[in-house]
>>> print(open('structure.txt').read())   # compact mmCIF, C-alpha atoms
# COMPACT_ATOMS: atom_id res chain seq x y z
CA MET U 636 0.00 0.00 0.00
CA SER U 637 2.73 2.45 0.95
CA MET U 638 4.74 1.54 -2.17
CA LYS U 639 1.70 2.57 -4.17
CA GLU U 640 1.56 5.86 -2.25
CA GLU U 641 5.29 6.40 -2.71
CA LYS U 642 4.85 5.86 -6.46
CA TYR U 643 1.99 8.36 -6.42
CA LEU U 644 4.25 10.95 -4.74
CA ILE U 645 7.13 10.35 -7.14
CA GLU U 646 4.80 10.78 -10.12
CA GLU U 647 3.02 13.78 -8.61
CA VAL U 648 6.04 15.70 -7.25
CA GLY U 649 9.23 13.89 -8.24
CA ARG U 650 12.53 13.72 -6.40
CA GLU U 651 14.28 16.75 -7.86
CA ASN U 652 16.24 18.96 -5.51
CA PRO U 653 14.40 22.32 -5.55
CA PHE U 654 16.93 24.06 -3.29
CA ARG U 655 19.73 26.38 -4.35
CA VAL U 656 22.65 28.00 -2.52
CA PRO U 657 24.27 31.44 -2.88
CA GLU U 658 26.86 31.55 -5.63
CA GLY U 659 30.28 30.36 -4.55
CA TYR U 660 28.91 29.12 -1.19
CA PHE U 661 30.67 25.74 -1.32
CA ASP U 662 33.97 27.35 -2.38
CA THR U 663 34.25 29.22 0.93
CA LEU U 664 32.43 26.78 3.22
CA THR U 665 35.55 24.90 4.39
CA SER U 666 37.39 28.10 5.33
CA GLN U 667 34.30 29.44 7.15
CA ILE U 668 33.97 26.26 9.18
CA MET U 669 37.69 26.09 9.96
CA ALA U 670 37.64 29.73 11.10
CA LYS U 671 34.83 28.86 13.54
CA VAL U 672 36.72 25.81 14.76
CA GLU U 673 39.79 27.94 15.47
CA ALA U 674 37.70 30.62 17.18
CA GLU U 675 36.24 27.93 19.45
CA GLY U 676 39.69 27.54 21.05
CA VAL U 677 39.55 23.78 21.62
CA GLU U 678 43.13 22.56 21.21
CA ALA U 679 44.18 19.59 19.10
CA ARG U 680 44.94 16.52 21.22
CA ASP U 681 46.16 12.96 20.69
CA LEU U 682 43.34 10.45 20.33
CA LYS U 683 43.37 6.80 21.20
CA PRO U 684 41.64 4.57 18.67
CA GLY U 685 39.06 2.67 20.68
CA LYS U 686 35.97 0.56 20.48
CA GLU U 687 32.50 1.97 19.88
CA LYS U 688 30.72 3.23 22.99
CA ARG U 689 27.86 0.90 22.15
CA ALA U 690 29.95 -1.93 23.63
CA LYS U 691 29.37 -0.32 27.03
CA VAL U 692 25.64 -0.16 26.37
CA VAL U 693 25.51 -3.82 25.36
CA TRP U 694 27.36 -4.76 28.51
CA LEU U 695 25.07 -2.62 30.65
CA ARG U 696 21.86 -3.90 29.12
CA PRO U 697 21.49 -6.82 31.59
CA VAL U 698 22.16 -4.36 34.43
CA LEU U 699 19.31 -2.17 33.18
CA TYR U 700 16.99 -5.18 32.91
CA ALA U 701 17.95 -6.25 36.43
CA ALA U 702 17.34 -2.70 37.72
CA ALA U 703 13.95 -2.62 35.99
CA SER U 704 12.98 -6.02 37.50
CA VAL U 705 13.98 -4.96 41.02
CA CYS U 706 12.08 -1.74 40.44
CA ALA U 707 8.93 -3.60 39.35
CA LEU U 708 9.13 -5.92 42.37
CA PHE U 709 9.61 -2.96 44.71
CA ILE U 710 6.57 -1.17 43.27
CA SER U 711 4.42 -4.28 43.60
CA VAL U 712 5.38 -4.71 47.27
CA VAL U 713 4.78 -1.02 48.06
CA ALA U 714 1.49 -1.00 46.18
CA TYR U 715 0.35 -4.13 47.99
CA GLN U 716 1.32 -2.68 51.39
CA ASN U 717 -0.42 0.63 50.65
CA TYR U 718 -3.51 -1.19 49.54
CA SER U 719 -3.54 -3.47 52.60
CA GLU U 720 -2.98 -0.61 55.08
CA GLN U 721 -5.41 1.87 53.59
CA GLY U 722 -7.99 -0.67 52.52
CA VAL U 723 -10.52 -0.09 49.81
CA THR U 724 -11.06 3.55 50.88
CA ALA U 725 -7.64 4.68 49.59
CA PRO U 726 -8.08 6.65 46.39
CA ALA U 727 -6.52 4.67 43.59
CA GLN U 728 -5.16 7.82 41.99
CA ASN U 729 -2.99 8.65 45.00
CA VAL U 730 -1.51 5.17 45.03
CA VAL U 731 -0.69 5.40 41.35
CA ALA U 732 0.83 8.88 41.75
CA ASN U 733 2.93 7.81 44.75
CA ASN U 734 4.14 4.74 42.94
CA GLN U 735 5.02 6.73 39.85
CA MET U 736 7.17 9.08 41.96
CA MET U 737 8.88 6.10 43.57
CA VAL U 738 9.52 4.55 40.14
CA ASP U 739 11.08 7.77 38.91
CA ASP U 740 13.24 8.20 42.00
CA TYR U 741 14.33 4.60 41.95
CA PHE U 742 15.12 4.67 38.25
CA ASP U 743 17.19 7.84 38.67
CA GLU U 744 19.11 6.24 41.51
CA ALA U 745 19.69 3.07 39.50
CA ALA U 746 20.87 5.09 36.49
CA ASP U 747 23.25 7.10 38.70
CA TYR U 748 24.55 3.94 40.28
CA VAL U 749 25.51 2.31 36.97
CA MET U 750 26.74 5.68 35.65
CA LEU U 751 24.38 5.79 32.67
CA ASP U 752 23.54 9.11 31.12
CA ASN U 753 20.34 9.79 29.18
CA GLN U 754 22.05 9.20 25.87
CA ASP U 755 23.10 5.69 26.90
CA ILE U 756 19.60 4.90 28.08
CA TYR U 757 17.96 6.15 24.87
CA ALA U 758 20.53 4.30 22.77
CA CYS U 759 19.95 1.15 24.75
CA LEU U 760 16.17 1.29 24.64
CA SER U 761 15.97 2.14 20.95
CA SER U 762 18.58 -0.26 19.61
CA ASP U 763 18.39 -3.85 18.41
CA TYR U 764 21.75 -5.11 19.52
CA MET Z 1269 34.08 10.77 -5.97
CA ASP Z 1270 36.01 11.21 -2.69
CA LYS Z 1271 39.01 13.49 -3.07
CA TYR Z 1272 40.94 12.14 -0.09
CA ASP Z 1273 41.47 8.67 1.27
CA ASP Z 1274 39.49 8.10 4.50
CA GLN Z 1275 42.30 6.07 6.02
CA TYR Z 1276 44.68 8.98 5.48
CA ILE Z 1277 42.22 11.41 7.14
CA LYS Z 1278 41.77 9.03 10.08
CA GLU Z 1279 45.53 8.82 10.63
CA LEU Z 1280 45.82 12.61 10.57
CA LEU Z 1281 42.95 12.97 13.03
CA LEU Z 1282 44.52 10.70 15.63
CA LYS Z 1283 47.64 12.83 16.27
CA ALA Z 1284 47.53 16.30 17.80
CA GLU Z 1285 50.11 17.73 15.40
CA THR Z 1286 48.20 16.63 12.26
CA GLN Z 1287 44.66 16.83 13.65
CA HIS Z 1288 43.86 20.28 12.34
CA LYS Z 1289 44.92 19.32 8.82
CA GLY Z 1290 42.95 16.05 9.06
CA PHE Z 1291 39.83 17.89 10.15
CA GLU Z 1292 40.18 20.40 7.35
CA LEU Z 1293 40.36 17.56 4.81
CA LEU Z 1294 37.31 15.98 6.44
CA VAL Z 1295 35.35 19.24 6.11
CA ARG Z 1296 36.50 19.68 2.50
CA GLN Z 1297 35.53 16.11 1.67
CA TYR Z 1298 32.10 15.91 3.25
CA SER Z 1299 30.67 19.39 3.87
CA GLU Z 1300 28.74 19.64 0.61
CA GLN Z 1301 27.19 16.19 0.91
CA LEU Z 1302 26.27 16.91 4.53
CA TYR Z 1303 24.88 20.32 3.66
CA TRP Z 1304 22.26 18.75 1.37
CA GLN Z 1305 21.27 16.20 3.99
CA VAL Z 1306 20.80 18.96 6.53
CA ARG Z 1307 19.11 21.35 4.09
CA ARG Z 1308 16.39 18.83 3.23
CA ILE Z 1309 15.56 18.49 6.91
CA VAL Z 1310 15.72 22.14 8.01
CA VAL Z 1311 14.59 23.65 4.64
CA THR Z 1312 16.11 27.16 4.51
CA HIS Z 1313 19.68 27.92 3.48
CA GLU Z 1314 20.38 30.11 6.53
CA ASP Z 1315 19.26 27.39 8.93
CA ALA Z 1316 21.15 24.68 7.04
CA ASN Z 1317 24.31 26.78 7.17
CA ASP Z 1318 23.98 27.33 10.95
CA VAL Z 1319 23.17 23.69 11.68
CA LEU Z 1320 26.03 22.43 9.52
CA GLN Z 1321 28.57 24.73 11.18
CA ASN Z 1322 27.36 23.70 14.63
CA ALA Z 1323 27.62 20.05 13.62
CA PHE Z 1324 31.25 20.47 12.56
CA LEU Z 1325 32.02 22.37 15.77
CA LYS Z 1326 30.50 19.55 17.80
CA ALA Z 1327 32.52 17.04 15.81
CA TRP Z 1328 35.77 18.94 16.49
CA ASN Z 1329 35.00 19.38 20.19
CA GLY Z 1330 33.98 15.73 20.49
CA LEU Z 1331 36.67 14.09 18.37
CA GLU Z 1332 37.07 11.56 21.18
CA SER Z 1333 33.73 10.08 20.14
CA PHE Z 1334 35.22 9.14 16.78
CA HIS Z 1335 36.47 5.61 16.72
CA GLY Z 1336 39.09 4.63 14.21
CA ASP Z 1337 37.10 1.57 13.14
CA ALA Z 1338 34.03 3.62 12.14
CA LYS Z 1339 33.46 5.24 8.75
CA ILE Z 1340 34.15 8.95 8.92
CA PHE Z 1341 31.06 9.90 6.96
CA THR Z 1342 28.79 7.74 9.12
CA TRP Z 1343 30.14 9.43 12.25
CA ILE Z 1344 29.92 13.02 11.02
CA SER Z 1345 26.58 12.42 9.33
CA ARG Z 1346 25.16 11.08 12.61
CA ILE Z 1347 26.21 14.30 14.34
CA ALA Z 1348 24.74 16.48 11.57
CA ILE Z 1349 21.44 14.58 11.48
CA ASN Z 1350 21.06 14.78 15.27
CA GLU Z 1351 21.84 18.48 15.15
CA SER Z 1352 19.16 18.92 12.46
CA ILE Z 1353 16.59 16.99 14.49
CA ASP Z 1354 17.38 19.10 17.58
CA PHE Z 1355 17.05 22.26 15.53
CA VAL Z 1356 13.63 21.27 14.15
CA ARG Z 1357 12.49 20.27 17.64
CA ARG Z 1358 13.56 23.64 19.09
CA GLN Z 1359 11.88 25.44 16.21
CA LYS Z 1360 8.62 23.56 16.82
CA ASN Z 1361 8.78 24.28 20.54
CA MET Z 1362 9.30 27.97 19.88
CA ALA Z 1363 6.41 28.00 17.42
CA ALA Z 1364 4.22 26.30 20.04
CA ILE Z 1365 5.14 28.92 22.64
CA SER Z 1366 4.44 31.81 20.29
CA ALA Z 1367 1.26 30.04 19.09
CA ASP Z 1368 2.49 30.61 15.55
CA ASP Z 1369 1.69 27.70 13.26
CA GLU Z 1370 4.80 27.95 11.08
CA ASP Z 1371 4.11 24.71 9.20
CA SER Z 1372 0.98 26.12 7.64
CA HIS Z 1373 2.82 28.75 5.58
CA VAL Z 1374 6.01 26.93 4.59
CA ALA Z 1375 4.92 26.76 0.92
CA ASN Z 1376 4.28 30.52 0.69
CA THR Z 1377 7.56 31.33 2.44
CA LEU Z 1378 9.47 29.04 0.09
CA MET Z 1379 7.91 30.50 -3.04
CA ALA Z 1380 9.33 33.87 -1.94
CA ASP Z 1381 12.74 32.40 -1.01
CA ASP Z 1382 15.65 33.27 -3.35
CA TYR Z 1383 17.24 29.91 -2.73
CA PHE Z 1384 14.18 27.85 -3.61
CA ASP Z 1385 13.84 27.06 -7.26
CA GLY Z 1386 10.93 24.62 -7.18
CA ASN Z 1387 7.36 24.92 -8.35
CA GLU Z 1388 4.22 25.17 -6.23
CA THR Z 1389 3.84 21.39 -5.97
CA GLU Z 1390 7.41 21.03 -4.70
CA ALA Z 1391 6.78 23.82 -2.19
CA LEU Z 1392 3.67 21.97 -1.02
CA LEU Z 1393 5.73 18.81 -0.58
CA GLN Z 1394 8.05 20.77 1.72
CA GLU Z 1395 5.03 22.03 3.67
CA ALA Z 1396 3.76 18.47 4.06
CA ILE Z 1397 7.21 17.30 5.20
CA ALA Z 1398 7.43 20.18 7.71
CA SER Z 1399 4.15 19.07 9.28
CA LEU Z 1400 5.61 15.67 10.22
CA PRO Z 1401 7.14 14.95 13.64
CA GLU Z 1402 10.92 15.58 13.47
CA VAL Z 1403 12.11 11.96 13.31
CA GLN Z 1404 9.54 10.98 10.65
CA ARG Z 1405 10.55 14.07 8.74
CA THR Z 1406 14.21 13.06 8.87
CA VAL Z 1407 13.53 9.45 7.90
CA PHE Z 1408 11.35 10.60 5.00
CA THR Z 1409 13.94 13.00 3.56
CA LEU Z 1410 16.81 10.53 3.92
CA ARG Z 1411 14.83 7.79 2.19
CA TYR Z 1412 12.81 9.72 -0.38
CA PHE Z 1413 15.43 12.20 -1.61
CA ASP Z 1414 18.73 10.50 -0.73
CA GLU Z 1415 17.35 6.98 -1.28
CA MET Z 1416 19.39 5.89 1.72
CA LYS Z 1417 19.27 2.20 2.65
CA TYR Z 1418 17.53 1.39 5.93
CA SER Z 1419 20.64 -0.44 7.17
CA GLU Z 1420 22.71 2.71 6.69
CA MET Z 1421 20.00 4.92 8.20
CA SER Z 1422 19.86 2.60 11.19
CA GLN Z 1423 23.54 3.34 11.93
CA ARG Z 1424 23.04 7.07 11.57
CA LEU Z 1425 19.91 7.31 13.72
CA ASN Z 1426 20.73 4.48 16.12
CA THR Z 1427 17.26 3.01 15.53
CA SER Z 1428 16.18 -0.42 14.31
CA GLU Z 1429 15.44 -0.94 10.62
CA GLY Z 1430 11.90 -2.06 11.50
CA SER Z 1431 11.12 1.24 13.25
CA LEU Z 1432 12.60 3.20 10.38
CA LYS Z 1433 10.51 1.34 7.80
CA ALA Z 1434 7.40 1.95 9.89
CA SER Z 1435 8.25 5.66 10.23
CA TYR Z 1436 8.80 5.99 6.49
CA HIS Z 1437 5.56 4.25 5.60
CA ILE Z 1438 3.58 6.43 8.00
CA ALA Z 1439 5.27 9.57 6.61
CA VAL Z 1440 4.51 8.58 2.99
CA LYS Z 1441 0.90 7.90 3.91
CA LYS Z 1442 0.49 11.27 5.66
CA ILE Z 1443 2.09 13.17 2.78
CA SER Z 1444 -0.05 11.39 0.17
CA GLU Z 1445 -3.15 12.24 2.17
CA PHE Z 1446 -1.97 15.85 2.41
CA PHE Z 1447 -1.67 16.00 -1.38
CA LYS Z 1448 -4.98 14.29 -2.01
CA SER Z 1449 -6.68 16.80 0.29
CA HIS Z 1450 -5.08 19.65 -1.73
CA ASP Z 1451 -6.17 18.27 -5.12
>>> encode(input="structure.txt", output="structure tokens")
Amino acid sequence: MSMKEEKYLIEEVGRENPFRVPEGYFDTLTSQIMAKVEAEGVEARDLKPGKEKRAKVVWLRPVLYAAASVCALFISVVAYQNYSEQGVTAPAQNVVANNQMMVDDYFDEAADYVMLDNQDIYACLSSDY
Amino acid sequence: MDKYDDQYIKELLLKAETQHKGFELLVRQYSEQLYWQVRRIVVTHEDANDVLQNAFLKAWNGLESFHGDAKIFTWISRIAINESIDFVRRQKNMAAISADDEDSHVANTLMADDYFDGNETEALLQEAIASLPEVQRTVFTLRYFDEMKYSEMSQRLNTSEGSLKASYHIAVKKISEFFKSHD
């Protein structure tokens, strides 16, 4: 179905590049960029060829799963205790809100503990490896 | 098509004394190709120029994130695409705050733009693309205009091929509907 729609778009609009640039733009682009790089003042430094950072994410994936499992168990216990203590009169919304705050706090703590930043977490959750 | 050997650029980048030269060759080699990738996402020349320069600055400041075993273009393109997505996101947030629906007059703005040479239908396509969420918009432009393979796109966007295919199909569907409603 989407191939049919893609074909419709190609026939209707085409794939031509309708954009233009000022004359001579690409001739001066490298020098403009290099001037900005120099103005930035970050010095050149020796680099060590290393492995992709994703290796760290792969290694940490089980840790994240373990943290998530512990988190889920913790929430279940707290929810059960809250429910038992407050009985059926406890407003369900409060319990959910409290638990959500605990989940967030616990997750932040777990992420700090394994030294994951947001980028690692997003990369880990959105990747296939 | 490449003017310089990637392996040579990589070797220059690794050592402090040759790093500047290596980076200059990298910029010379890939800036034009990257410019068009960025331009299709952010639309105007001024924005594409800003985003591209910021992307190269980020690359220079974060050279440590380059790994010798990766392809240079994949690495720098990933930075430029992320920078473009961030730019579009910020632009949408600002438009939301000012309650200005920028997407709805992209076609008119483009028709008055000196650096847009397309016809009304091509301007409408840009308006339809601008109405998509930023990641769908990026996936659509990379696939539709650059005809990039999903496997390659997956490395650039750090997303599974399945998600990318789904995003592209949804984007194509929305854009087709947009055109049918304007017929």
>>> interface_residues(input="structure.txt", of="chain Z", to="chain U", cutoff="6 Å", atoms="all atoms listed in the file", output="ChimeraX atom specification")
/Z:1282-1284,1295-1296,1321,1325,1335-1336,1383-1386,1413,1427-1428,1437
>>> axis_aligned_box(input="structure.txt", around="range 1319-1322 of chain Z", padding_each_side="4 Å", output="AutoDock Vina command-line options")
--center_x 25.9 --center_y 23.6 --center_z 12.1 --size_x 13.4 --size_y 10.3 --size_z 13.1
>>> atom_distance(input="structure.txt", atom1="CA of Ile1340 in chain Z", atom2="CA of Lys1417 in chain Z")
17.5 Å
>>> closest_residue(input="structure.txt", among="Z:Arg1346, Z:Arg1308, Z:Lys1339, Z:Arg1358", to="Phe1324 in chain Z", atoms="all atoms listed in the file")
Z:Arg1346
>>> residues_around(input="structure.txt", residues="Thr1342 in chain Z", least_positions_apart="6", cutoff="12 Å", atoms="only C-alpha atoms", output="PDB file with C-alpha atoms, in the coordinates of the input")
ATOM      1  CA  ASP Z1274      39.490   8.100   4.500  1.00  0.00           C
ATOM      2  CA  TYR Z1298      32.100  15.910   3.250  1.00  0.00           C
ATOM      3  CA  GLN Z1301      27.190  16.190   0.910  1.00  0.00           C
ATOM      4  CA  LEU Z1302      26.270  16.910   4.530  1.00  0.00           C
ATOM      5  CA  PHE Z1334      35.220   9.140  16.780  1.00  0.00           C
ATOM      6  CA  HIS Z1335      36.470   5.610  16.720  1.00  0.00           C
ATOM      7  CA  GLY Z1336      39.090   4.630  14.210  1.00  0.00           C
ATOM      8  CA  ALA Z1348      24.740  16.480  11.570  1.00  0.00           C
ATOM      9  CA  ILE Z1349      21.440  14.580  11.480  1.00  0.00           C
ATOM     10  CA  SER Z1419      20.640  -0.440   7.170  1.00  0.00           C
ATOM     11  CA  GLU Z1420      22.710   2.710   6.690  1.00  0.00           C
ATOM     12  CA  MET Z1421      20.000   4.920   8.200  1.00  0.00           C
ATOM     13  CA  SER Z1422      19.860   2.600  11.190  1.00  0.00           C
ATOM     14  CA  GLN Z1423      23.540   3.340  11.930  1.00  0.00           C
ATOM     15  CA  ARG Z1424      23.040   7.070  11.570  1.00  0.00           C
ATOM     16  CA  LEU Z1425      19.910   7.310  13.720  1.00  0.00           C
ATOM     17  CA  ASN Z1426      20.730   4.480  16.120  1.00  0.00           C
TER      18      ASN Z1426
END
>>> atom_distance(input="structure.txt", atom1="CA of Asp1318 in chain Z", atom2="CA of Ser1352 in chain Z")
9.8 Å
>>> atom_distance(input="structure.txt", atom1="CA of Ile1277 in chain Z", atom2="CA of Ser1333 in chain Z")
15.6 Å
>>> residues_around(input="structure.txt", residues="range 1387-1393 of chain Z", least_positions_apart="3", cutoff="7 Å", atoms="only C-alpha atoms", output="ChimeraX atom specification")
/U:648 /Z:1375,1378-1379,1396-1397
>>> write_last_selection(input="structure.txt", atoms="C-alpha atoms", output="PDB file, in the frame of the given file")
ATOM      1  CA  VAL U 648       6.040  15.700  -7.250  1.00  0.00           C
TER       2      VAL U 648
ATOM      3  CA  ALA Z1375       4.920  26.760   0.920  1.00  0.00           C
ATOM      4  CA  LEU Z1378       9.470  29.040   0.090  1.00  0.00           C
ATOM      5  CA  MET Z1379       7.910  30.500  -3.040  1.00  0.00           C
ATOM      6  CA  ALA Z1396       3.760  18.470   4.060  1.00  0.00           C
ATOM      7  CA  ILE Z1397       7.210  17.300   5.200  1.00  0.00           C
TER       8      ILE Z1397
END
>>> closest_residue(input="structure.txt", among="Z:Phe1291, Z:Tyr1418, Z:Tyr1303, Z:Phe1355", to="Ser1431 in chain Z", atoms="all atoms listed in the file")
Z:Tyr1418
>>> decode(input="structure.txt", residues="range 1335-1413 of chain Z", atoms="C-alpha atoms", output="mmCIF file, in the first residue's frame")
data_model
loop_
_atom_site.group_PDB
_atom_site.id
_atom_site.type_symbol
_atom_site.label_atom_id
_atom_site.label_comp_id
_atom_site.auth_asym_id
_atom_site.auth_seq_id
_atom_site.Cartn_x
_atom_site.Cartn_y
_atom_site.Cartn_z
ATOM 1 C CA HIS Z 1335 36.473 5.609 16.723
ATOM 2 C CA GLY Z 1336 39.091 4.626 14.209
ATOM 3 C CA ASP Z 1337 37.103 1.566 13.136
ATOM 4 C CA ALA Z 1338 34.027 3.620 12.137
ATOM 5 C CA LYS Z 1339 33.459 5.240 8.750
ATOM 6 C CA ILE Z 1340 34.148 8.953 8.925
ATOM 7 C CA PHE Z 1341 31.064 9.899 6.957
ATOM 8 C CA THR Z 1342 28.788 7.742 9.117
ATOM 9 C CA TRP Z 1343 30.141 9.427 12.246
ATOM 10 C CA ILE Z 1344 29.925 13.021 11.016
ATOM 11 C CA SER Z 1345 26.577 12.424 9.330
ATOM 12 C CA ARG Z 1346 25.156 11.079 12.607
ATOM 13 C CA ILE Z 1347 26.209 14.301 14.337
ATOM 14 C CA ALA Z 1348 24.738 16.485 11.572
ATOM 15 C CA ILE Z 1349 21.437 14.583 11.482
ATOM 16 C CA ASN Z 1350 21.064 14.777 15.267
ATOM 17 C CA GLU Z 1351 21.844 18.476 15.154
ATOM 18 C CA SER Z 1352 19.158 18.922 12.457
ATOM 19 C CA ILE Z 1353 16.592 16.987 14.494
ATOM 20 C CA ASP Z 1354 17.384 19.096 17.585
ATOM 21 C CA PHE Z 1355 17.054 22.260 15.529
ATOM 22 C CA VAL Z 1356 13.632 21.267 14.150
ATOM 23 C CA ARG Z 1357 12.494 20.274 17.641
ATOM 24 C CA ARG Z 1358 13.561 23.638 19.093
ATOM 25 C CA GLN Z 1359 11.882 25.440 16.205
ATOM 26 C CA LYS Z 1360 8.616 23.563 16.820
ATOM 27 C CA ASN Z 1361 8.783 24.283 20.545
ATOM 28 C CA MET Z 1362 9.299 27.971 19.884
ATOM 29 C CA ALA Z 1363 6.411 28.005 17.421
ATOM 30 C CA ALA Z 1364 4.222 26.300 20.038
ATOM 31 C CA ILE Z 1365 5.137 28.924 22.643
ATOM 32 C CA SER Z 1366 4.444 31.807 20.288
ATOM 33 C CA ALA Z 1367 1.263 30.039 19.089
ATOM 34 C CA ASP Z 1368 2.485 30.607 15.550
ATOM 35 C CA ASP Z 1369 1.693 27.695 13.258
ATOM 36 C CA GLU Z 1370 4.797 27.952 11.081
ATOM 37 C CA ASP Z 1371 4.107 24.710 9.199
ATOM 38 C CA SER Z 1372 0.982 26.118 7.638
ATOM 39 C CA HIS Z 1373 2.818 28.749 5.577
ATOM 40 C CA VAL Z 1374 6.009 26.935 4.590
ATOM 41 C CA ALA Z 1375 4.924 26.758 0.923
ATOM 42 C CA ASN Z 1376 4.279 30.518 0.694
ATOM 43 C CA THR Z 1377 7.564 31.333 2.440
ATOM 44 C CA LEU Z 1378 9.466 29.042 0.089
ATOM 45 C CA MET Z 1379 7.908 30.500 -3.042
ATOM 46 C CA ALA Z 1380 9.328 33.874 -1.939
ATOM 47 C CA ASP Z 1381 12.740 32.398 -1.011
ATOM 48 C CA ASP Z 1382 15.646 33.272 -3.353
ATOM 49 C CA TYR Z 1383 17.238 29.912 -2.731
ATOM 50 C CA PHE Z 1384 14.177 27.846 -3.608
ATOM 51 C CA ASP Z 1385 13.842 27.062 -7.260
ATOM 52 C CA GLY Z 1386 10.927 24.623 -7.176
ATOM 53 C CA ASN Z 1387 7.364 24.918 -8.353
ATOM 54 C CA GLU Z 1388 4.223 25.171 -6.227
ATOM 55 C CA THR Z 1389 3.841 21.385 -5.972
ATOM 56 C CA GLU Z 1390 7.413 21.032 -4.701
ATOM 57 C CA ALA Z 1391 6.777 23.823 -2.190
ATOM 58 C CA LEU Z 1392 3.667 21.975 -1.018
ATOM 59 C CA LEU Z 1393 5.728 18.811 -0.575
ATOM 60 C CA GLN Z 1394 8.051 20.774 1.715
ATOM 61 C CA GLU Z 1395 5.030 22.035 3.675
ATOM 62 C CA ALA Z 1396 3.760 18.467 4.059
ATOM 63 C CA ILE Z 1397 7.210 17.300 5.199
ATOM 64 C CA ALA Z 1398 7.430 20.185 7.707
ATOM 65 C CA SER Z 1399 4.146 19.074 9.276
ATOM 66 C CA LEU Z 1400 5.613 15.669 10.221
ATOM 67 C CA PRO Z 1401 7.144 14.949 13.643
ATOM 68 C CA GLU Z 1402 10.916 15.575 13.470
ATOM 69 C CA VAL Z 1403 12.107 11.965 13.313
ATOM 70 C CA GLN Z 1404 9.542 10.977 10.655
ATOM 71 C CA ARG Z 1405 10.546 14.071 8.742
ATOM 72 C CA THR Z 1406 14.206 13.062 8.871
ATOM 73 C CA VAL Z 1407 13.531 9.453 7.896
ATOM 74 C CA PHE Z 1408 11.350 10.599 5.003
ATOM 75 C CA THR Z 1409 13.939 13.001 3.563
ATOM 76 C CA LEU Z 1410 16.814 10.527 3.919
ATOM 77 C CA ARG Z 1411 14.828 7.788 2.193
ATOM 78 C CA TYR Z 1412 12.812 9.717 -0.375
ATOM 79 C CA PHE Z 1413 15.432 12.199 -1.609
#
